[in-house]
Structure formats: structure tokens, C-alpha cells
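Raw contents of model12.cif, mmCIF, C-alpha atoms:
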```cif
data_query
#
loop_
_atom_site.label_atom_id
_atom_site.label_comp_id
_atom_site.auth_asym_id
_atom_site.auth_seq_id
_atom_site.Cartn_x
_atom_site.Cartn_y
_atom_site.Cartn_z
CA ARG R 1359 -7.69 -14.94 -6.27
CA TYR R 1360 -4.19 -14.79 -7.74
CA HIS R 1361 -2.83 -17.20 -5.14
CA GLN R 1362 -5.69 -19.63 -5.85
CA HIS R 1363 -4.97 -19.39 -9.57
CA HIS R 1364 -1.47 -20.66 -8.85
CA GLY R 1365 -2.59 -23.49 -6.58
CA PHE R 1366 -1.76 -21.93 -3.21
CA ASP R 1367 -5.15 -22.68 -1.66
CA ASP R 1368 -3.49 -23.46 1.67
CA VAL R 1369 -2.29 -19.85 2.04
CA ASP R 1370 -4.64 -17.88 4.27
CA GLN R 1371 -2.55 -14.78 4.97
CA LEU R 1372 -0.15 -12.51 3.11
CA ARG R 1373 2.44 -10.17 4.57
CA MET R 1374 1.59 -6.58 3.69
CA ALA R 1375 3.53 -3.39 4.31
CA MET R 1376 2.04 0.07 4.08
CA PRO R 1377 2.90 3.57 5.24
CA VAL R 1378 0.79 4.69 8.21
CA ASN R 1379 0.14 8.41 8.46
CA VAL R 1380 1.33 9.81 11.82
CA ARG R 1381 0.57 13.46 11.10
CA THR R 1382 -1.05 15.13 14.09
CA ALA R 1383 -2.84 18.43 14.63
CA ALA R 1384 0.52 19.84 15.76
CA THR R 1385 2.26 18.76 12.52
CA ALA R 1386 -0.69 19.36 10.16
CA THR R 1387 0.90 22.42 8.55
CA SER R 1388 4.50 21.21 8.58
CA VAL R 1389 6.28 20.28 5.37
CA GLY R 1390 7.28 16.74 4.48
CA ASN R 1391 6.00 13.25 4.93
CA HIS R 1392 4.82 12.08 8.29
CA PHE R 1393 4.49 8.32 8.07
CA VAL R 1394 6.01 5.14 9.40
CA PRO R 1395 6.17 1.82 7.58
CA ALA R 1396 3.92 -0.83 9.11
CA ARG R 1397 3.96 -4.55 8.41
CA PHE R 1398 1.18 -6.99 9.21
CA LEU R 1399 -0.56 -10.16 8.09
CA VAL R 1400 -3.76 -9.75 6.09
CA PRO R 1401 -6.33 -12.51 5.68
CA ILE R 1402 -6.98 -13.68 2.14
CA GLY R 1403 -9.18 -16.68 2.85
CA LEU R 1404 -12.34 -14.66 3.50
CA ASP R 1405 -14.78 -15.26 0.65
CA ASP R 1406 -17.14 -12.40 1.47
CA PRO R 1407 -15.68 -9.14 0.06
CA ILE R 1408 -17.33 -7.03 2.78
CA ALA R 1409 -15.86 -9.24 5.50
CA ARG R 1410 -12.45 -9.01 3.79
CA MET R 1411 -12.58 -5.20 3.64
CA ASN R 1412 -13.78 -4.96 7.26
CA ALA R 1413 -11.00 -7.27 8.47
CA ILE R 1414 -8.34 -5.22 6.69
CA ARG R 1415 -9.85 -1.92 7.90
CA GLU R 1416 -9.68 -3.24 11.49
CA LEU R 1417 -6.04 -4.31 11.00
CA VAL R 1418 -5.10 -0.87 9.68
CA ALA R 1419 -6.99 0.85 12.52
CA ARG R 1420 -5.04 -1.22 15.07
CA GLN R 1421 -1.77 -0.27 13.36
CA ARG R 1422 -2.71 3.43 13.43
CA ALA R 1423 -3.58 3.18 17.14
CA GLU R 1424 -0.28 1.50 18.01
CA PRO R 1425 1.30 3.45 20.92
CA ALA R 1426 4.81 2.81 19.57
CA LEU R 1427 4.05 5.15 16.64
CA ALA R 1428 4.76 8.04 19.02
CA MET R 1429 8.40 6.91 18.99
CA SER R 1430 8.74 7.34 15.23
CA GLU R 1431 9.86 10.99 15.31
CA PRO R 1432 12.60 10.53 17.95
CA LEU R 1433 13.73 7.35 16.18
CA ALA R 1434 13.83 9.21 12.84
CA GLY R 1435 16.11 11.79 14.46
CA ILE R 1436 18.53 9.00 15.40
CA LEU R 1437 18.29 7.31 11.98
CA ASN R 1438 19.02 10.61 10.22
CA ARG R 1439 22.42 10.67 11.93
CA LEU R 1440 23.38 7.25 10.57
CA PRO R 1441 25.16 6.79 7.24
CA THR R 1442 22.82 6.37 4.28
CA THR R 1443 24.02 2.81 3.70
CA ALA R 1444 23.05 1.85 7.26
CA VAL R 1445 19.57 3.40 6.95
CA THR R 1446 19.06 1.72 3.56
CA GLY R 1447 20.06 -1.61 5.10
CA ILE R 1448 17.67 -1.17 8.02
CA PHE R 1449 14.68 -0.36 5.82
CA GLY R 1450 15.65 -3.00 3.29
CA SER R 1451 15.68 -5.65 6.01
CA MET R 1452 12.26 -4.47 7.22
CA LEU R 1453 10.79 -5.20 3.79
CA LYS R 1454 12.30 -8.67 3.40
CA GLY R 1455 9.58 -11.26 3.55
CA VAL R 1456 6.85 -8.78 2.60
CA ASP R 1457 4.54 -10.13 -0.08
CA PHE R 1458 3.21 -6.75 -1.18
CA ILE R 1459 3.22 -3.08 -0.36
CA THR R 1460 0.16 -0.91 -0.65
CA SER R 1461 -0.53 2.77 -0.24
CA ASN R 1462 -3.32 5.27 -0.67
CA VAL R 1463 -2.01 8.71 -1.61
CA PRO R 1464 -4.60 11.49 -1.40
CA GLY R 1465 -3.99 13.72 -4.38
CA VAL R 1466 -4.84 17.33 -5.05
CA PRO R 1467 -8.62 17.97 -4.99
CA ILE R 1468 -8.36 21.07 -7.19
CA PRO R 1469 -7.06 21.55 -10.76
CA VAL R 1470 -3.27 21.94 -10.92
CA TYR R 1471 -1.34 23.80 -13.63
CA LEU R 1472 2.26 23.64 -14.77
CA GLY R 1473 3.53 26.32 -17.13
CA GLY R 1474 -0.09 27.29 -17.84
CA ALA R 1475 -1.12 23.76 -18.87
CA ARG R 1476 -3.70 21.96 -16.75
CA MET R 1477 -2.69 18.59 -15.41
CA GLU R 1478 -5.18 16.07 -16.77
CA SER R 1479 -4.38 13.08 -14.58
CA GLN R 1480 -1.95 11.74 -12.05
CA ILE R 1481 -0.43 8.32 -12.58
CA ALA R 1482 0.21 6.07 -9.59
CA LEU R 1483 3.50 4.18 -9.36
CA GLY R 1484 5.18 2.84 -6.25
CA PRO R 1485 8.76 1.54 -6.02
CA MET R 1486 9.34 -2.19 -5.65
CA SER R 1487 11.37 -1.94 -2.42
CA GLY R 1488 11.97 -5.69 -2.28
CA SER R 1489 8.40 -7.01 -2.34
CA ALA R 1490 6.64 -9.02 -5.03
CA ALA R 1491 4.25 -6.17 -5.78
CA ASN R 1492 3.51 -2.56 -4.88
CA ALA R 1493 -0.05 -1.30 -5.38
CA VAL R 1494 -0.67 2.43 -5.05
CA LEU R 1495 -3.94 4.33 -5.31
CA VAL R 1496 -3.64 8.05 -6.13
CA SER R 1497 -6.52 10.50 -6.42
CA TYR R 1498 -6.70 13.69 -8.45
CA LEU R 1499 -9.89 15.77 -8.60
CA ASP R 1500 -12.67 13.16 -8.91
CA ASP R 1501 -10.47 10.49 -10.48
CA LEU R 1502 -8.68 7.50 -8.92
CA ASN R 1503 -5.75 5.70 -10.48
CA ILE R 1504 -4.19 2.47 -9.31
CA GLY R 1505 -0.64 1.60 -10.25
CA ILE R 1506 0.66 -1.91 -9.73
CA ASN R 1507 4.39 -2.49 -9.97
CA THR R 1508 5.38 -6.17 -9.89
CA ASP R 1509 8.55 -8.22 -9.74
CA PRO R 1510 8.53 -10.38 -12.90
CA ILE R 1511 10.26 -13.24 -11.08
CA ALA R 1512 7.75 -13.31 -8.22
CA LEU R 1513 4.71 -12.59 -10.44
CA PRO R 1514 5.51 -13.87 -13.93
CA ASP R 1515 1.97 -13.36 -15.25
CA PRO R 1516 0.86 -9.80 -14.43
CA ASP R 1517 -2.12 -10.10 -16.82
CA VAL R 1518 -3.59 -12.78 -14.55
CA LEU R 1519 -3.06 -10.53 -11.53
CA VAL R 1520 -4.85 -7.64 -13.26
CA GLU R 1521 -7.72 -9.96 -14.24
CA CYS R 1522 -8.01 -11.16 -10.63
CA ILE R 1523 -8.07 -7.56 -9.38
CA ARG R 1524 -10.78 -6.65 -11.90
CA ASP R 1525 -12.81 -9.69 -10.78
CA SER R 1526 -12.42 -8.54 -7.18
CA PHE R 1527 -13.67 -5.03 -8.04
CA ASP R 1528 -16.66 -6.56 -9.83
CA GLU R 1529 -17.33 -8.72 -6.78
CA VAL R 1530 -17.28 -5.66 -4.49
CA LEU R 1531 -19.58 -3.71 -6.82
CA LYS R 1532 -22.15 -6.54 -6.73
#
```
This entry written out as C-alpha cells:
Amino acid sequence: RYHQHHGFDDVDQLRMAMPVNVRTAATATSVGNHFVPARFLVPIGLDDPIARMNAIRELVARQRAEPALAMSEPLAGILNRLPTTAVTGIFGSMLKGVDFITSNVPGVPIPVYLGGARMESQIALGPMSGSAANAVLVSYLDDLNIGINTDPIALPDPDVLVECIRDSFDEVLK
């Protein structure tokens, strides 16, 4: 909806990046993140919200089934030996040309305490990393929070974006 608001009706796909979980049964109890960044085109011209969600779910499923994901751990071992500036350059170049980044972070399903005080909520915020926007969904207990971080040059009217997202949620709920 945001792209239509700005007169980009001819755009039918956006470039999305998201981390894909590569944790396996063998690494289920190991510490640390187990994900690889994936980039792909998502359709935005589908008017039916169910068709849109199904199309994106199929895209993500194909990314998760990608055989090359098995190479992520050996490749990470090589990248860890490179200087930080080289690794930053590699990942920075991967995110060039990405319209938005999105992530779903499963939070803690039980109450968490710090210094005896119960955490009431968890706020979602993802780094910009070179894209126009980063949308992150984080859960905590039975609550979901969405954080949207935008580049003010690429998206000068974040209120319109939020309104479009709310309209989209309303459309899905119908």
C-alpha cells in the first residue's frame, strides 16, 4: 500500500532480506545464533491478503529448503578468520539493493525477572543495515510487538507507512 501511496503502481516486487534459521536437532542445545541471511523478491501486487501471505510463506519455505544452507557453517568458519573490516564489507554488500529487512524473533514464553523485577514487555527494534526499513516481530509471553526502523531519506513519511500497515492488518482480520 505504501508504494501505491507514492505512485509506484508499476512495482510488483520488493527485495526483502531476512535471517533464515538453520538450527538443527544436532545444534538445538548449542549456544549462539544459527541463521544465515537470505535475500529474495516478494510479490506486492497480490490484492488478496491470503494469497499474499501464502506466496510469501512459499518463498520462505523454499529459502529454508535451499541445499546451499548446509554450507553456512563451514563458510562462517572461513569468514571468522577474515579481518572484521572484510566481513563487514561482505555483509554490507549483500544488503545493498535490499528494500527491507524483516525478522520474527521468538521471545521467552515464561515470565522473566531482572534483579527481582518482572519484565513487563519486550520491545522490538532491528538495525537498519543499509535497507530502507527493518521490521521485527518479537514475542514475549502472550504479547507480540512489532518494531519498524526506517531510513528517513528512503521513507520520509513513516506515519503513512504505519497507517498502511494498520490497514493491512485490518484487511487480514476481515
Practice problem: For each of R:Ser1489, R:Arg1439, R:Asp1525, R:Ile1481, take the minimum atom-to-atom distance to Leu1513 of chain R, counting only C-alpha atoms, then give the residue where this is smallest. | Solution: R:Ser1489
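For the pair atom CA of Ile1511 of chain R and atom CA of Met1486 of chain R, the separation is 12.3 Å.
Our summary of the geometry notes that atom CA of Gly1505 of chain R is positioned 26.0 Å from atom CA of Gly1473 of chain R.
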Exercise. May I have the residues within 12 Å of Ser1526 of chain R as a PyMOL selection string, using all atoms listed in the file and disregarding those fewer than 6 positions away in the same chain?
Key: chain R and resi 1359-1360+1402+1405-1408+1410-1411+1519-1520+1532
Self-check item: Atomic separation - atom CA of Ile1459 of chain R relative to atom CA of Pro1377 of chain R, Å
Solution: 8.7 Å
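If you measure from each of R:Val1470, R:Val1418, R:Leu1502, R:Leu1483 to Val1378 of chain R using all atoms listed in the file, the closest one turns out to be R:Val1418.
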Exercise. Can you work out which one of R:Ile1506, R:Val1518, R:Leu1372, R:Ala1384 has the shortest atom-to-atom distance to Pro1485 of chain R, counting all atoms listed in the file?
Key: R:Ile1506
Quiz item: Between R:Tyr1471, R:Phe1458, R:Phe1398, R:Phe1527, which has the minimum distance to Ala1491 of chain R (counting only C-alpha atoms)?
Solution: R:Phe1458
Practice problem: Counting all atoms listed in the file, figure out which residue out of R:Val1466, R:Ala1482, R:Ala1490, R:Leu1440 gets nearest to Ala1375 of chain R. | Solution: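 That would be R:Ala1490, the residue with the smallest distance to Ala1375 of chain R.
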Self-check item: Nearest candidate to Ala1423 of chain R (options R:Val1463, R:Asn1379, R:Thr1442, R:Cys1522; using only C-alpha atoms)
Solution: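 Among the listed residues, the smallest separation from Ala1423 of chain R belongs to R:Asn1379.
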Self-check item: Close residues, Arg1397 of chain R itself excluded, 7 Å, all atoms listed in the file, min 3 positions apart in chain, as a list of chain:residue names
Solution: R:Arg1373, R:Met1374, R:Ala1375, R:Met1376
